[in-house]
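Student: Okay, here's the structure, questions in a sec.
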Amino acid sequence: TNTLEETKIYAKKVWIGNDPAASLTLELQYQKADESWSSFPTPAKITLNGTEDTGTAAYRETTTPEEKAKGIWTAVWEHVPKVYPGSKTEEGKTLYRVVETIPSGYQALENVTNETKEENGVTYPVFRFENMRQVSLTVTKKWYGEENPEEIVVELYRKAGNDGTEEPVTNKNGDSLTQKLTATNQWKVTFAGLPKYVEVNDQWVQCIYYAKEVSIGGTPAEETDYRILYKNTPETP
């Protein structure tokens, strides 16, 4: 095997809703013969910020203004050994991967398909990542008159934009997201880690989140004698 042969590895970061973080880090790793993943002796990391790196460094950000306008950041690792010593190979090539350090306040979309890129008749891998900003909703209960000592259960709802259809927010098991408000938590809870956008007809639309009381002291809210008023305070950018 000619270990001096070189290849290239590309990466593409897609920010859902064109809503990027200030920066993020990508790292190229190789698979060892025992099938574990490893960094290089000098980690092959690239910090992206949406601006193309100047110069001709082997590892660099390549984001163009046109890509940035679409919420896409790109990077390349050049002069990568086609076969790295001590690595696992398939079809005469080392197995590589790119991993990301997900910025705080973002989530990575699952089941994202990698791509390829053709250059001068050679096909190179493009590792694709998609990230979405997360938001939170804080729910506060205020009593008019004497405070009721009983617990309250609230359920989380959302709409896709102002004209979207109301729907309950569920977890991966399909269960509605609810929380209890009591005097112990000062009648205040937060739903955190919520995706900011939802896909509608192949377009990403910003979600509007809100909560509804579903029970008061174990009784369905609509069956109690309480008058329930809702007040929504928009999130401050």
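All residue names refer to the structure tokens as shown: chains lettered A, B, ... in order, residues numbered from 1 in each chain, ligands numbered from 1 in order.
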Hey, what's within 12 Å of Thr184 in chain A if we count only C-alpha atoms and toss same-chain stuff fewer than 5 positions away? As a list in words, please?

Tutor: Pro149, Glu150, Glu151, Ile152 and Val189 of chain A

Student: Please, could you write that set of residues out with N, CA, C and O atoms as a short mmCIF file (atom, residue, chain, number, x, y, z; two decimals), in the first residue's frame?

Tutor:
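Output file again10.cif follows:
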data_model
loop_
_atom_site.label_atom_id
_atom_site.label_comp_id
_atom_site.auth_asym_id
_atom_site.auth_seq_id
_atom_site.Cartn_x
_atom_site.Cartn_y
_atom_site.Cartn_z
N PRO A 149 -53.43 25.96 47.59
CA PRO A 149 -52.29 25.09 47.89
C PRO A 149 -52.17 23.86 47.00
O PRO A 149 -51.20 23.12 47.09
N GLU A 150 -53.15 23.63 46.13
CA GLU A 150 -53.13 22.41 45.33
C GLU A 150 -52.18 22.55 44.15
O GLU A 150 -51.91 23.65 43.67
N GLU A 151 -51.73 21.41 43.65
CA GLU A 151 -50.84 21.41 42.49
C GLU A 151 -51.63 21.63 41.21
O GLU A 151 -52.82 21.34 41.13
N ILE A 152 -50.92 22.15 40.22
CA ILE A 152 -51.49 22.39 38.90
C ILE A 152 -50.62 21.66 37.88
O ILE A 152 -49.39 21.66 37.99
N VAL A 189 -42.24 26.80 36.40
CA VAL A 189 -41.49 25.71 35.78
C VAL A 189 -41.00 26.17 34.41
O VAL A 189 -41.50 27.15 33.85
#

Student: Please provide the set of residues having any atom within 9 Å of Ser23 in chain A, restricted to only C-alpha atoms, with same-chain residues fewer than 6 positions apart removed, written as a ChimeraX atom specification.

Tutor: /A:47-50,103

Student: May I have the selected residues written with N, CA, C and O atoms, as a PDB file, in the first residue's frame?

Tutor:
ATOM      1  N   THR A  47     -11.960  25.494  13.568  1.00  0.00           N
ATOM      2  CA  THR A  47     -12.981  26.330  14.185  1.00  0.00           C
ATOM      3  C   THR A  47     -13.616  27.196  13.109  1.00  0.00           C
ATOM      4  O   THR A  47     -12.931  27.964  12.437  1.00  0.00           O
ATOM      5  N   LEU A  48     -14.925  27.021  12.934  1.00  0.00           N
ATOM      6  CA  LEU A  48     -15.655  27.753  11.911  1.00  0.00           C
ATOM      7  C   LEU A  48     -16.432  28.913  12.535  1.00  0.00           C
ATOM      8  O   LEU A  48     -16.949  28.787  13.649  1.00  0.00           O
ATOM      9  N   ASN A  49     -16.476  30.025  11.796  1.00  0.00           N
ATOM     10  CA  ASN A  49     -17.258  31.175  12.253  1.00  0.00           C
ATOM     11  C   ASN A  49     -18.040  31.840  11.126  1.00  0.00           C
ATOM     12  O   ASN A  49     -18.536  32.964  11.275  1.00  0.00           O
ATOM     13  N   GLY A  50     -18.125  31.148   9.981  1.00  0.00           N
ATOM     14  CA  GLY A  50     -18.876  31.699   8.870  1.00  0.00           C
ATOM     15  C   GLY A  50     -18.076  32.552   7.922  1.00  0.00           C
ATOM     16  O   GLY A  50     -18.640  33.188   7.024  1.00  0.00           O
ATOM     17  N   PRO A 103     -22.539  23.501  19.673  1.00  0.00           N
ATOM     18  CA  PRO A 103     -22.573  24.718  20.494  1.00  0.00           C
ATOM     19  C   PRO A 103     -23.688  24.662  21.534  1.00  0.00           C
ATOM     20  O   PRO A 103     -24.727  24.051  21.318  1.00  0.00           O
TER      21      PRO A 103
END

Student: Could you list, as JSON, numbers by chain, every residue within 7 Å of Ala44 in chain A, counting only C-alpha atoms and ignoring same-chain residues fewer than 2 positions away?

Tutor: {"A": [27, 28, 40, 42, 46]}

Student: Calculate how many Å separate CA of Gln29 in chain A from CA of Ala69 in chain A, rounding to one decimal.

Tutor: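 Value for the CA of Gln29 in chain A-CA of Ala69 in chain A distance: 29.0 Å.
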
Student: Return the single residue from A:Ala21, A:Val153, A:Ile72, A:Val80 that is closest to Thr219 in chain A, with distances computed using only C-alpha atoms.

Tutor: A:Val153

Student: Contacts of Trp15 in chain A at 12 Å or less, counting only C-alpha atoms, minus same-chain residues fewer than 5 places along, as a PyMOL selection string?

Tutor: chain A and resi 20-24+49-50+67-74+102-103+106-109+128-134+196-197+204

Student: If you run DSSP on this backbone, which residues of range 21-137 of chain A come out as helix (DSSP H, G or I), and could you give them as a list in words?

Tutor: Pro65, Glu66, Glu67, Lys68 and Ala69 of chain A

Student: Next, dump the selected residues to file, keeping only all heavy atoms, as a PDB file, in the first residue's frame.

Tutor:
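Saved result, selection_33.pdb, follows:
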ATOM      1  N   PRO A  65     -19.292  33.783   0.857  1.00  0.00           N
ATOM      2  CA  PRO A  65     -20.405  34.678   1.215  1.00  0.00           C
ATOM      3  C   PRO A  65     -21.755  34.139   0.754  1.00  0.00           C
ATOM      4  O   PRO A  65     -22.769  34.325   1.447  1.00  0.00           O
ATOM      5  CB  PRO A  65     -20.038  35.980   0.495  1.00  0.00           C
ATOM      6  CG  PRO A  65     -18.544  35.944   0.395  1.00  0.00           C
ATOM      7  CD  PRO A  65     -18.206  34.505   0.162  1.00  0.00           C
ATOM      8  N   GLU A  66     -21.784  33.473  -0.400  1.00  0.00           N
ATOM      9  CA  GLU A  66     -23.032  32.919  -0.907  1.00  0.00           C
ATOM     10  C   GLU A  66     -23.534  31.790   0.000  1.00  0.00           C
ATOM     11  O   GLU A  66     -24.738  31.683   0.266  1.00  0.00           O
ATOM     12  CB  GLU A  66     -22.840  32.396  -2.333  1.00  0.00           C
ATOM     13  CG  GLU A  66     -22.564  33.467  -3.375  1.00  0.00           C
ATOM     14  CD  GLU A  66     -21.142  33.997  -3.329  1.00  0.00           C
ATOM     15  OE1 GLU A  66     -20.275  33.329  -2.716  1.00  0.00           O
ATOM     16  OE2 GLU A  66     -20.897  35.089  -3.907  1.00  0.00           O
ATOM     17  N   GLU A  67     -22.622  30.942   0.467  1.00  0.00           N
ATOM     18  CA  GLU A  67     -23.012  29.872   1.387  1.00  0.00           C
ATOM     19  C   GLU A  67     -23.489  30.451   2.719  1.00  0.00           C
ATOM     20  O   GLU A  67     -24.510  30.019   3.270  1.00  0.00           O
ATOM     21  CB  GLU A  67     -21.835  28.928   1.615  1.00  0.00           C
ATOM     22  CG  GLU A  67     -21.491  28.065   0.405  1.00  0.00           C
ATOM     23  CD  GLU A  67     -20.225  27.263   0.603  1.00  0.00           C
ATOM     24  OE1 GLU A  67     -19.300  27.749   1.300  1.00  0.00           O
ATOM     25  OE2 GLU A  67     -20.151  26.144   0.057  1.00  0.00           O
ATOM     26  N   LYS A  68     -22.753  31.421   3.231  1.00  0.00           N
ATOM     27  CA  LYS A  68     -23.121  32.020   4.518  1.00  0.00           C
ATOM     28  C   LYS A  68     -24.513  32.627   4.476  1.00  0.00           C
ATOM     29  O   LYS A  68     -25.280  32.527   5.432  1.00  0.00           O
ATOM     30  CB  LYS A  68     -22.095  33.081   4.897  1.00  0.00           C
ATOM     31  CG  LYS A  68     -22.333  33.706   6.274  1.00  0.00           C
ATOM     32  CD  LYS A  68     -21.233  34.685   6.630  1.00  0.00           C
ATOM     33  CE  LYS A  68     -21.459  35.288   8.009  1.00  0.00           C
ATOM     34  NZ  LYS A  68     -20.370  36.239   8.374  1.00  0.00           N
ATOM     35  N   ALA A  69     -24.871  33.246   3.349  1.00  0.00           N
ATOM     36  CA  ALA A  69     -26.194  33.856   3.202  1.00  0.00           C
ATOM     37  C   ALA A  69     -27.305  32.821   3.269  1.00  0.00           C
ATOM     38  O   ALA A  69     -28.452  33.154   3.586  1.00  0.00           O
ATOM     39  CB  ALA A  69     -26.263  34.626   1.882  1.00  0.00           C
TER      40      ALA A  69
END

Student: When you count only C-alpha atoms, which of these residues is closest to Ala183 in chain A: A:Asn148, A:Thr51, A:Thr113, A:Val139?

Tutor: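 Using only C-alpha atoms, the shortest distance to Ala183 in chain A belongs to A:Asn148.
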
Student: Would you please work out which residue, of A:Asn201, A:Ser215, A:Ser104, A:Asn162, is nearest to Lys180 in chain A when using only C-alpha atoms?

Tutor: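 Of all the options, A:Ser215 lies closest to Lys180 in chain A.
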
Student: Between CA of Tyr96 in chain A and CA of Glu52 in chain A, what is the spacing in Å?

Tutor: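 Here the two named atoms are 23.4 Å from each other.
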
Student: Using only C-alpha atoms, pick whichever of A:Val99, A:Leu229, A:Ala33, A:Val126 has the shortest atom-to-atom distance to Lys45 in chain A.

Tutor: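 Closest residue, counting only C-alpha atoms: A:Val99.
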
Student: Name the residues of range 44-145 of chain A that fall into strand (DSSP E or B) according to DSSP on the backbone, using the chain letters and numbers of this document, as an MDAnalysis selection string.

Tutor: chainID A and resid 44:48 59:61 72:81 87 89:90 93:94 96:101 106:108 115:119 122:140

Student: Of the candidates A:Arg227, A:Lys32, A:Lys141, A:Lys117, which shows the shortest atom-to-atom distance to Ile9 in chain A, using only C-alpha atoms?

Tutor: A:Lys117

Student: Could you pull the residues within 8 Å of Glu166 in chain A, counting only C-alpha atoms, minus those fewer than 5 positions along the same chain, as a PyMOL selection string?

Tutor: chain A and resi 157-159

Student: For Phe127 in chain A, list every protein, DNA or RNA residue within 7 Å, evaluated using only C-alpha atoms, and leave out those in the same chain fewer than 2 positions away; present the list as a list of chain:residue names.

Tutor: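 Listing them by chain and then by number gives A:Tyr10, A:Ala11, A:Lys12, A:Val98, A:Asn114, A:Glu115, A:Pro125, A:Phe129.
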
Student: To one decimal place, how far is CA of Leu177 in chain A from CA of Val214 in chain A in Å?

Tutor: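 So the answer is 11.5 Å.
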
Student: Hey, what's within 10 Å of range 81-94 of chain A if we count only C-alpha atoms and toss same-chain stuff fewer than 5 positions away? As a PyMOL selection string, please?

Tutor: chain A and resi 1-8+30-38+40

Student: Got time to write the residues from that selection, all heavy atoms, as a compact mmCIF listing (two decimals), in the first residue's frame?

Tutor:
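In the end it all went to again-v4.txt:
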# COMPACT_ATOMS: atom_id res chain seq x y z
N THR A 1 0.84 -1.18 0.00
CA THR A 1 0.00 0.00 0.00
C THR A 1 0.88 1.24 0.00
O THR A 1 1.83 1.34 0.77
CB THR A 1 -0.90 0.01 1.24
OG1 THR A 1 -1.70 -1.17 1.24
CG2 THR A 1 -1.79 1.26 1.24
N ASN A 2 0.54 2.19 -0.83
CA ASN A 2 1.29 3.43 -0.89
C ASN A 2 0.72 4.40 0.12
O ASN A 2 -0.33 5.01 -0.09
CB ASN A 2 1.19 4.02 -2.30
CG ASN A 2 2.05 5.27 -2.44
OD1 ASN A 2 2.63 5.75 -1.47
ND2 ASN A 2 2.10 5.80 -3.65
N THR A 3 1.40 4.54 1.29
CA THR A 3 0.88 5.40 2.35
C THR A 3 1.08 6.87 2.05
O THR A 3 0.64 7.71 2.81
CB THR A 3 1.59 5.06 3.69
OG1 THR A 3 3.00 5.25 3.53
CG2 THR A 3 1.29 3.64 4.10
N LEU A 4 1.75 7.21 0.94
CA LEU A 4 1.98 8.60 0.59
C LEU A 4 0.84 9.18 -0.24
O LEU A 4 0.80 10.39 -0.46
CB LEU A 4 3.31 8.75 -0.16
CG LEU A 4 4.57 8.34 0.62
CD1 LEU A 4 5.80 8.55 -0.24
CD2 LEU A 4 4.68 9.14 1.91
N GLU A 5 -0.06 8.34 -0.68
CA GLU A 5 -1.20 8.87 -1.42
C GLU A 5 -2.07 9.73 -0.50
O GLU A 5 -2.22 9.43 0.68
CB GLU A 5 -2.03 7.73 -2.00
CG GLU A 5 -1.39 7.03 -3.19
CD GLU A 5 -2.37 6.06 -3.82
OE1 GLU A 5 -3.18 6.51 -4.66
OE2 GLU A 5 -2.33 4.87 -3.43
N GLU A 6 -2.63 10.78 -1.06
CA GLU A 6 -3.41 11.71 -0.26
C GLU A 6 -4.85 11.80 -0.76
O GLU A 6 -5.15 11.44 -1.90
CB GLU A 6 -2.77 13.10 -0.29
CG GLU A 6 -1.38 13.14 0.34
CD GLU A 6 -0.75 14.51 0.27
OE1 GLU A 6 -1.23 15.35 -0.54
OE2 GLU A 6 0.20 14.78 1.03
N THR A 7 -5.71 12.29 0.12
CA THR A 7 -7.10 12.50 -0.22
C THR A 7 -7.58 13.78 0.45
O THR A 7 -6.81 14.48 1.13
CB THR A 7 -7.97 11.30 0.21
OG1 THR A 7 -9.28 11.47 -0.29
CG2 THR A 7 -8.00 11.14 1.72
N LYS A 8 -8.85 14.08 0.27
CA LYS A 8 -9.46 15.24 0.90
C LYS A 8 -10.73 14.81 1.62
O LYS A 8 -11.40 13.87 1.22
CB LYS A 8 -9.83 16.32 -0.13
CG LYS A 8 -8.69 16.92 -0.90
CD LYS A 8 -9.24 17.96 -1.88
CE LYS A 8 -8.15 18.53 -2.78
NZ LYS A 8 -8.71 19.53 -3.73
N TYR A 30 -9.73 9.29 12.74
CA TYR A 30 -9.60 8.06 11.96
C TYR A 30 -9.95 6.87 12.84
O TYR A 30 -9.88 6.93 14.08
CB TYR A 30 -8.17 7.91 11.42
CG TYR A 30 -7.12 7.63 12.46
CD1 TYR A 30 -6.71 6.33 12.74
CD2 TYR A 30 -6.51 8.67 13.18
CE1 TYR A 30 -5.75 6.06 13.70
CE2 TYR A 30 -5.53 8.41 14.13
CZ TYR A 30 -5.17 7.11 14.39
OH TYR A 30 -4.20 6.85 15.35
N GLN A 31 -10.33 5.77 12.18
CA GLN A 31 -10.66 4.55 12.91
C GLN A 31 -9.44 3.66 13.01
O GLN A 31 -8.79 3.38 12.00
CB GLN A 31 -11.81 3.80 12.24
CG GLN A 31 -12.37 2.68 13.12
CD GLN A 31 -13.67 2.11 12.56
OE1 GLN A 31 -13.82 1.98 11.36
NE2 GLN A 31 -14.60 1.77 13.44
N LYS A 32 -9.12 3.25 14.23
CA LYS A 32 -7.96 2.41 14.46
C LYS A 32 -8.27 0.96 14.08
O LYS A 32 -9.42 0.59 13.84
CB LYS A 32 -7.54 2.51 15.93
CG LYS A 32 -7.14 3.93 16.33
CD LYS A 32 -7.05 4.09 17.83
CE LYS A 32 -5.92 3.26 18.43
NZ LYS A 32 -5.74 3.54 19.89
N ALA A 33 -7.25 0.16 14.05
CA ALA A 33 -7.42 -1.24 13.67
C ALA A 33 -8.36 -1.99 14.59
O ALA A 33 -9.03 -2.94 14.19
CB ALA A 33 -6.06 -1.93 13.62
N ASP A 34 -8.45 -1.54 15.87
CA ASP A 34 -9.36 -2.20 16.82
C ASP A 34 -10.78 -1.61 16.74
O ASP A 34 -11.61 -1.90 17.59
CB ASP A 34 -8.82 -2.07 18.25
CG ASP A 34 -8.71 -0.62 18.71
OD1 ASP A 34 -9.14 0.29 17.97
OD2 ASP A 34 -8.20 -0.38 19.82
N GLU A 35 -11.02 -0.76 15.73
CA GLU A 35 -12.32 -0.16 15.42
C GLU A 35 -12.72 0.96 16.37
O GLU A 35 -13.86 1.45 16.32
CB GLU A 35 -13.44 -1.22 15.35
CG GLU A 35 -13.20 -2.25 14.26
CD GLU A 35 -14.41 -3.15 14.04
OE1 GLU A 35 -15.34 -3.11 14.87
OE2 GLU A 35 -14.41 -3.89 13.03
N SER A 36 -11.81 1.39 17.23
CA SER A 36 -12.09 2.59 18.03
C SER A 36 -11.67 3.82 17.23
O SER A 36 -10.84 3.74 16.32
CB SER A 36 -11.32 2.54 19.35
OG SER A 36 -9.91 2.57 19.12
N TRP A 37 -12.28 4.97 17.57
CA TRP A 37 -11.97 6.20 16.86
C TRP A 37 -10.93 7.00 17.62
O TRP A 37 -10.93 7.04 18.85
CB TRP A 37 -13.24 7.03 16.66
CG TRP A 37 -14.18 6.41 15.68
CD1 TRP A 37 -15.25 5.61 15.97
CD2 TRP A 37 -14.13 6.51 14.26
NE1 TRP A 37 -15.87 5.20 14.81
CE2 TRP A 37 -15.20 5.75 13.74
CE3 TRP A 37 -13.28 7.17 13.36
CZ2 TRP A 37 -15.45 5.63 12.38
CZ3 TRP A 37 -13.53 7.05 12.00
CH2 TRP A 37 -14.59 6.29 11.52
N SER A 38 -10.05 7.66 16.87
CA SER A 38 -8.93 8.36 17.50
C SER A 38 -8.66 9.70 16.82
O SER A 38 -8.85 9.86 15.60
CB SER A 38 -7.67 7.50 17.43
OG SER A 38 -6.55 8.19 17.94
N PHE A 40 -5.81 12.54 15.72
CA PHE A 40 -4.43 12.49 15.28
C PHE A 40 -3.53 13.00 16.41
O PHE A 40 -4.02 13.64 17.35
CB PHE A 40 -4.24 13.35 14.03
CG PHE A 40 -4.91 12.79 12.81
CD1 PHE A 40 -6.20 13.19 12.46
CD2 PHE A 40 -4.26 11.86 12.01
CE1 PHE A 40 -6.82 12.67 11.34
CE2 PHE A 40 -4.88 11.33 10.88
CZ PHE A 40 -6.16 11.74 10.55
